[in-house]
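**Q** Quick one: the structure is below, questions incoming.
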There are 2 protein chains.
Amino acid sequence: MHIYCLDLEGILLPEMWIEVAERFKLKSLRLTTRDIPDYDKLMRYRLGILRREKIKLVGIQGVIRRVKPLPGAAAFLKRLRIEGPAIILSDTFYEFAMPVMKQLDYPTLFCNSLKTDKAGFISGYTLRQKDGKRKAVKALQSIGFEVRAVGDSYNDLSMLKAADRGVLFNPPESILKTNRSLPVAYDYKKLMKLFLAD
Amino acid sequence: MHIYCLDLEGILLPEMWIEVAERFKLKSLRLTTRDIPDYDKLMRYRLGILRREKIKLVGIQGVIRRVKPLPGAAAFLKRLRIEGPAIILSDTFYEFAMPVMKQLDYPTLFCNSLKTDKAGFISGYTLRQKDGKRKAVKALQSIGFEVRAVGDSYNDLSMLKAADRGVLFNPPESILKTNRSLPVAYDYKKLMKLFLAD
């Protein structure tokens with residue numbers, strides 16, 4: 001029995017921090033895990049900028065609510081969910097992602113959560129666990145599933161390598177170069193084919 | 001972070017084997033895990049009847065395709081999926097359940113699969129694992145989730161007891177009597193309240 005695990009940003013949605021960066025015209029918020037692989041370092045950096053710029057959680061949610069899934073993403077996920085169980089494994093936060101999940105028919109999402117202070121500023125975050133994507137794959141394998149996973153970024157590599165089949169989707173050149181053993185898809189048709197092949 | 005685990009039949013759908021029993025007018029197919037707690041024994045009994053009556057998988061799927069979720073179930077699940085990740089943990093089979101999952105917007109379903117022979121008769125089944133509901137709860141806890149689970153039958157008890165919060169939904173008297181420590185809901189409003197309470 002198969003289960004499909006999907007990274008969220010870059011696979012089904014655009015990078016949400018880039019959307020936020022553009023909306024608030026803050027180039028400094030454009031960095032992602034593609035640029036800074038150390039997620040905690042990246043998050044501290046982002047939260048520092050938000051506080052300095054006086055941007056609250058509600059302001060970010062307002063931007064994210066208007067984010068559209070990548071073209072074809074909703075239809076791809078809809079079809080995949082007929083083929084078998086699918087779970088989104090993401091390093092994002094429920095507080096960010098939920099406003100846009102409606103457009104994907106509320107798939108099952110495993111991610112993290114934010115802390116806010118009384119004034120509504122993001123004061124920190126709670127990781128469900130360290131290396132959560134890989135551990136979710138291992139947990140699903142431990143209950144009898146064969147895991148097929150897709151991701152595009154540094155923070156997906158341990159998940160893709162733990163999966164029974166890991167697929168790169170639109171990866172940057174730097175990741176492609178150092179992970180030649182992983183199959184690559186540049187569109188949903190190819191991704192579906194790689195996911196469903198025996 | 002919470003995750004919601006739901007039994008399928010009796011919680012969101014009517015008992016599918018009872019629907020099949022009624023459609024084919026076979027009283028002998030009306031038994032469920034409420035009646036025979038040993039699932040393998042129950043399944044061998046059912047598959048024997050199907051073969052004797054010359055009922056193929058496609059015939060059963062035709063019946064199940066017309067099954068309607070319990071009144072209010074689709075709206076309940078839709079709302080719950082906004083609150084957090086929800087996974088259906090069921091002892092049914094993908095081949096049975098998928099034709100009716102559309103009506104529930106394809107929630108994530110962990111269940112089992114059927115084997116068929118060349119003629120299209122169900123020849124056996126593959127359990128993803130033994131005691132799969134409880135093990136799924138433990139696996140989700142192991143990756144940092146607090147699990148809130150609901151079920152109605154014998155085959156749910158180990159899942160409900162493993163969960164951080166286990167709720168009985170419309171249980172038969174026999175289960176109620178011997179499981180006084182579990183909170184009970186008789187409608188979705190109460191179930192939602194029990195699921196979402198701190």
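Naming scheme: A, B, ... for chains in displayed order of the structure tokens; residues 1 onward per chain; ligands 1 onward as shown.
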Identify all residues of chain B in strand (DSSP E) (DSSP on the backbone) and supply them as number ranges by chain.

**A** B: 2-6, 86-93, 108-116, 122-126, 146-151, 165-169, 184-185

**Q** Could you please take those selected residues and save N, CA, C and O atoms as a compact mmCIF listing (two decimals), in the first residue's frame?

**A**
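File result_37.txt, as written:
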```txt
# COMPACT_ATOMS: atom_id res chain seq x y z
N HIS B 2 -2.41 19.10 17.51
CA HIS B 2 -3.38 18.00 17.54
C HIS B 2 -3.56 17.37 16.18
O HIS B 2 -3.41 18.02 15.15
N ILE B 3 -3.92 16.10 16.20
CA ILE B 3 -4.37 15.44 14.98
C ILE B 3 -5.62 14.63 15.35
O ILE B 3 -5.73 14.15 16.49
N TYR B 4 -6.55 14.55 14.42
CA TYR B 4 -7.81 13.87 14.68
C TYR B 4 -7.85 12.55 13.91
O TYR B 4 -7.62 12.54 12.71
N CYS B 5 -8.14 11.47 14.62
CA CYS B 5 -8.22 10.15 13.99
C CYS B 5 -9.65 9.64 14.11
O CYS B 5 -10.20 9.61 15.23
N LEU B 6 -10.23 9.25 12.99
CA LEU B 6 -11.64 8.87 13.00
C LEU B 6 -11.83 7.49 12.39
O LEU B 6 -11.33 7.21 11.30
N ALA B 86 -6.70 15.62 9.87
CA ALA B 86 -7.62 14.54 10.24
C ALA B 86 -7.33 13.32 9.38
O ALA B 86 -7.11 13.45 8.17
N ILE B 87 -7.27 12.16 10.00
CA ILE B 87 -6.99 10.93 9.27
C ILE B 87 -8.04 9.89 9.63
O ILE B 87 -8.39 9.72 10.80
N ILE B 88 -8.58 9.23 8.59
CA ILE B 88 -9.53 8.15 8.82
C ILE B 88 -8.75 6.87 9.03
O ILE B 88 -7.96 6.48 8.16
N LEU B 89 -8.97 6.23 10.17
CA LEU B 89 -8.33 4.93 10.45
C LEU B 89 -9.42 3.87 10.41
O LEU B 89 -10.30 3.85 11.26
N SER B 90 -9.35 3.02 9.41
CA SER B 90 -10.44 2.07 9.22
C SER B 90 -9.92 0.67 8.93
O SER B 90 -8.83 0.50 8.37
N ASP B 91 -10.71 -0.33 9.28
CA ASP B 91 -10.38 -1.71 8.93
C ASP B 91 -10.97 -2.11 7.58
O ASP B 91 -10.89 -3.26 7.18
N THR B 92 -11.57 -1.15 6.87
CA THR B 92 -12.12 -1.47 5.56
C THR B 92 -10.99 -1.56 4.52
O THR B 92 -9.82 -1.61 4.86
N PHE B 93 -11.36 -1.58 3.25
CA PHE B 93 -10.41 -1.77 2.16
C PHE B 93 -10.52 -0.60 1.19
O PHE B 93 -11.61 -0.09 0.95
N THR B 108 -7.80 11.81 4.03
CA THR B 108 -6.72 10.83 4.09
C THR B 108 -7.21 9.59 4.82
O THR B 108 -7.70 9.68 5.94
N LEU B 109 -7.09 8.46 4.16
CA LEU B 109 -7.62 7.20 4.69
C LEU B 109 -6.50 6.18 4.83
O LEU B 109 -5.77 5.92 3.88
N PHE B 110 -6.35 5.65 6.05
CA PHE B 110 -5.42 4.53 6.26
C PHE B 110 -6.27 3.29 6.44
O PHE B 110 -7.01 3.19 7.42
N CYS B 111 -6.19 2.33 5.49
CA CYS B 111 -6.95 1.10 5.69
C CYS B 111 -6.21 -0.07 5.06
O CYS B 111 -4.98 -0.10 5.09
N ASN B 112 -6.91 -1.03 4.51
CA ASN B 112 -6.31 -2.28 4.03
C ASN B 112 -6.63 -2.49 2.56
O ASN B 112 -7.31 -1.65 1.96
N SER B 113 -6.16 -3.58 1.99
CA SER B 113 -6.48 -3.79 0.58
C SER B 113 -6.92 -5.23 0.32
O SER B 113 -6.61 -6.14 1.08
N LEU B 114 -7.65 -5.37 -0.77
CA LEU B 114 -8.23 -6.67 -1.13
C LEU B 114 -7.42 -7.34 -2.22
O LEU B 114 -6.76 -6.68 -3.02
N LYS B 115 -7.50 -8.66 -2.25
CA LYS B 115 -6.96 -9.43 -3.38
C LYS B 115 -8.15 -9.97 -4.16
O LYS B 115 -9.15 -10.40 -3.57
N THR B 116 -8.02 -9.95 -5.49
CA THR B 116 -9.08 -10.56 -6.30
C THR B 116 -8.46 -11.62 -7.20
O THR B 116 -7.29 -11.53 -7.55
N ILE B 122 -13.38 -11.77 -4.78
CA ILE B 122 -12.43 -11.39 -3.74
C ILE B 122 -11.83 -12.68 -3.17
O ILE B 122 -12.55 -13.53 -2.65
N SER B 123 -10.53 -12.81 -3.31
CA SER B 123 -9.88 -14.06 -2.91
C SER B 123 -9.20 -13.97 -1.55
O SER B 123 -8.81 -14.97 -0.97
N GLY B 124 -9.05 -12.75 -1.06
CA GLY B 124 -8.41 -12.58 0.24
C GLY B 124 -8.19 -11.11 0.51
O GLY B 124 -8.72 -10.25 -0.21
N TYR B 125 -7.42 -10.81 1.53
CA TYR B 125 -7.17 -9.41 1.85
C TYR B 125 -5.80 -9.26 2.47
O TYR B 125 -5.24 -10.22 3.02
N THR B 126 -5.24 -8.06 2.35
CA THR B 126 -3.96 -7.76 2.96
C THR B 126 -4.18 -6.71 4.05
O THR B 126 -4.60 -5.58 3.75
N GLU B 146 -0.47 15.28 19.35
CA GLU B 146 -1.41 14.84 20.36
C GLU B 146 -2.63 14.32 19.61
O GLU B 146 -3.22 15.04 18.81
N VAL B 147 -2.99 13.06 19.85
CA VAL B 147 -4.03 12.41 19.05
C VAL B 147 -5.37 12.41 19.75
O VAL B 147 -5.48 12.01 20.91
N ARG B 148 -6.38 12.88 19.04
CA ARG B 148 -7.76 12.80 19.51
C ARG B 148 -8.51 11.87 18.55
O ARG B 148 -8.49 12.11 17.34
N ALA B 149 -9.10 10.83 19.09
CA ALA B 149 -9.65 9.77 18.23
C ALA B 149 -11.09 9.48 18.58
O ALA B 149 -11.53 9.67 19.72
N VAL B 150 -11.83 9.02 17.57
CA VAL B 150 -13.23 8.64 17.80
C VAL B 150 -13.53 7.31 17.12
O VAL B 150 -13.05 7.03 16.01
N GLY B 151 -14.32 6.48 17.80
CA GLY B 151 -14.72 5.20 17.25
C GLY B 151 -15.99 4.73 17.94
O GLY B 151 -16.48 5.37 18.87
N ARG B 165 -6.79 11.51 23.69
CA ARG B 165 -8.20 11.63 24.05
C ARG B 165 -9.00 10.71 23.14
O ARG B 165 -8.98 10.87 21.92
N GLY B 166 -9.70 9.75 23.71
CA GLY B 166 -10.52 8.82 22.93
C GLY B 166 -11.98 9.07 23.21
O GLY B 166 -12.37 9.23 24.37
N VAL B 167 -12.79 9.14 22.17
CA VAL B 167 -14.21 9.43 22.30
C VAL B 167 -15.03 8.30 21.66
O VAL B 167 -14.71 7.87 20.55
N LEU B 168 -16.05 7.85 22.36
CA LEU B 168 -16.99 6.89 21.78
C LEU B 168 -18.13 7.64 21.10
O LEU B 168 -18.64 8.62 21.64
N PHE B 169 -18.51 7.16 19.91
CA PHE B 169 -19.60 7.80 19.17
C PHE B 169 -20.69 6.76 18.95
O PHE B 169 -20.46 5.71 18.35
N VAL B 184 -18.43 10.14 25.75
CA VAL B 184 -19.34 9.63 24.72
C VAL B 184 -20.04 10.79 24.02
O VAL B 184 -20.46 11.76 24.66
N ALA B 185 -20.15 10.71 22.70
CA ALA B 185 -20.94 11.67 21.93
C ALA B 185 -22.00 10.92 21.15
O ALA B 185 -21.74 9.82 20.65
```

**Q** Compute the chain B side of the contact with chain A at 8 Å, counting only C-alpha atoms, and hand it back as a ChimeraX atom specification.

**A** /B:1,81-82,84-87,98,105-110,112-113,128-129,132,135-136,139-140,142-145

**Q** How would you write, as a PyMOL selection string, the set of residues in chain A that DSSP gives as helix (DSSP H, G or I)?

**A** chain A and resi 16-23+27-30+39-52+57-64+73-83+94-104+132-142+154-162+173-178+188-196

**Q** For a quick check of understanding, using only C-alpha atoms, which of B:Glu95, B:Trp17, B:Gln103, B:Lys193 has the smallest distance to Pro71 in chain B?

**A** B:Gln103

**Q** Got a sec: who's within 9 Å of Ala73 in chain A, counting only C-alpha atoms, leaving out chain neighbours fewer than 6 positions off, as a short mmCIF file (atom, residue, chain, number, x, y, z; two decimals) with C-alpha atoms, in the first residue's frame?

**A**
```
data_model
loop_
_atom_site.label_atom_id
_atom_site.label_comp_id
_atom_site.auth_asym_id
_atom_site.auth_seq_id
_atom_site.Cartn_x
_atom_site.Cartn_y
_atom_site.Cartn_z
CA ILE A 11 5.41 21.82 -5.20
CA LEU A 12 1.81 23.02 -4.75
CA LEU A 13 2.15 26.65 -3.64
CA LEU A 104 -6.49 22.63 -2.15
CA TYR A 188 2.72 17.45 -12.73
#
```

**Q** Between CA of Leu26 in chain A and CA of Leu8 in chain A, what distance in Å does the model show, to one decimal?

**A**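 Interatomic distance here is 22.7 Å.
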
**Q** Report, in Å with one decimal, the straight-line distance from CA of Leu50 in chain A to CA of Ser174 in chain A.

**A**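 Separation between CA of Leu50 in chain A and CA of Ser174 in chain A: 28.7 Å.
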
**Q** So what do you get for CA of Gln61 in chain B versus CA of Ala97 in chain B, distance-wise?

**A**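 Separating CA of Gln61 in chain B from CA of Ala97 in chain B is a distance of 8.5 Å.
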
**Q** Which residues, written as a PDB file with all heavy atoms, in the first residue's frame, have at least one atom at most 9 Å from Val67 in chain A, with only C-alpha atoms counted and residues fewer than 6 positions away on the same chain left out?

**A**
```
ATOM      1  N   LEU A  13       2.321  25.199  -3.843  1.00  0.00           N
ATOM      2  CA  LEU A  13       2.151  26.652  -3.643  1.00  0.00           C
ATOM      3  C   LEU A  13       3.460  27.360  -3.978  1.00  0.00           C
ATOM      4  O   LEU A  13       4.523  26.750  -3.894  1.00  0.00           O
ATOM      5  CB  LEU A  13       1.838  26.961  -2.165  1.00  0.00           C
ATOM      6  CG  LEU A  13       0.561  26.440  -1.536  1.00  0.00           C
ATOM      7  CD1 LEU A  13       0.464  26.958  -0.101  1.00  0.00           C
ATOM      8  CD2 LEU A  13      -0.670  26.872  -2.330  1.00  0.00           C
ATOM      9  N   PRO A  14       3.355  28.650  -4.315  1.00  0.00           N
ATOM     10  CA  PRO A  14       4.610  29.403  -4.422  1.00  0.00           C
ATOM     11  C   PRO A  14       5.221  29.549  -3.020  1.00  0.00           C
ATOM     12  O   PRO A  14       4.557  29.286  -2.022  1.00  0.00           O
ATOM     13  CB  PRO A  14       4.152  30.764  -4.965  1.00  0.00           C
ATOM     14  CG  PRO A  14       2.716  30.873  -4.611  1.00  0.00           C
ATOM     15  CD  PRO A  14       2.172  29.469  -4.561  1.00  0.00           C
ATOM     16  N   MET A  16       5.824  30.999   0.216  1.00  0.00           N
ATOM     17  CA  MET A  16       5.000  32.008   0.887  1.00  0.00           C
ATOM     18  C   MET A  16       5.821  33.196   1.393  1.00  0.00           C
ATOM     19  O   MET A  16       5.353  34.321   1.369  1.00  0.00           O
ATOM     20  CB  MET A  16       4.201  31.352   2.007  1.00  0.00           C
ATOM     21  CG  MET A  16       3.101  30.444   1.437  1.00  0.00           C
ATOM     22  SD  MET A  16       1.911  29.906   2.675  1.00  0.00           S
ATOM     23  CE  MET A  16       2.561  28.300   3.099  1.00  0.00           C
ATOM     24  N   GLU A  19       6.204  35.648  -1.344  1.00  0.00           N
ATOM     25  CA  GLU A  19       4.968  36.425  -1.524  1.00  0.00           C
ATOM     26  C   GLU A  19       4.912  37.561  -0.495  1.00  0.00           C
ATOM     27  O   GLU A  19       4.556  38.691  -0.817  1.00  0.00           O
ATOM     28  CB  GLU A  19       3.737  35.526  -1.352  1.00  0.00           C
ATOM     29  CG  GLU A  19       3.649  34.366  -2.331  1.00  0.00           C
ATOM     30  CD  GLU A  19       3.311  34.807  -3.749  1.00  0.00           C
ATOM     31  OE1 GLU A  19       2.386  35.614  -3.906  1.00  0.00           O
ATOM     32  OE2 GLU A  19       3.987  34.340  -4.692  1.00  0.00           O
ATOM     33  N   VAL A 100      -4.778  29.281   3.068  1.00  0.00           N
ATOM     34  CA  VAL A 100      -4.715  28.961   1.636  1.00  0.00           C
ATOM     35  C   VAL A 100      -5.092  27.493   1.353  1.00  0.00           C
ATOM     36  O   VAL A 100      -5.293  27.097   0.205  1.00  0.00           O
ATOM     37  CB  VAL A 100      -3.320  29.332   1.062  1.00  0.00           C
ATOM     38  CG1 VAL A 100      -2.267  28.318   1.446  1.00  0.00           C
ATOM     39  CG2 VAL A 100      -3.362  29.501  -0.448  1.00  0.00           C
TER      40      VAL A 100
END
```
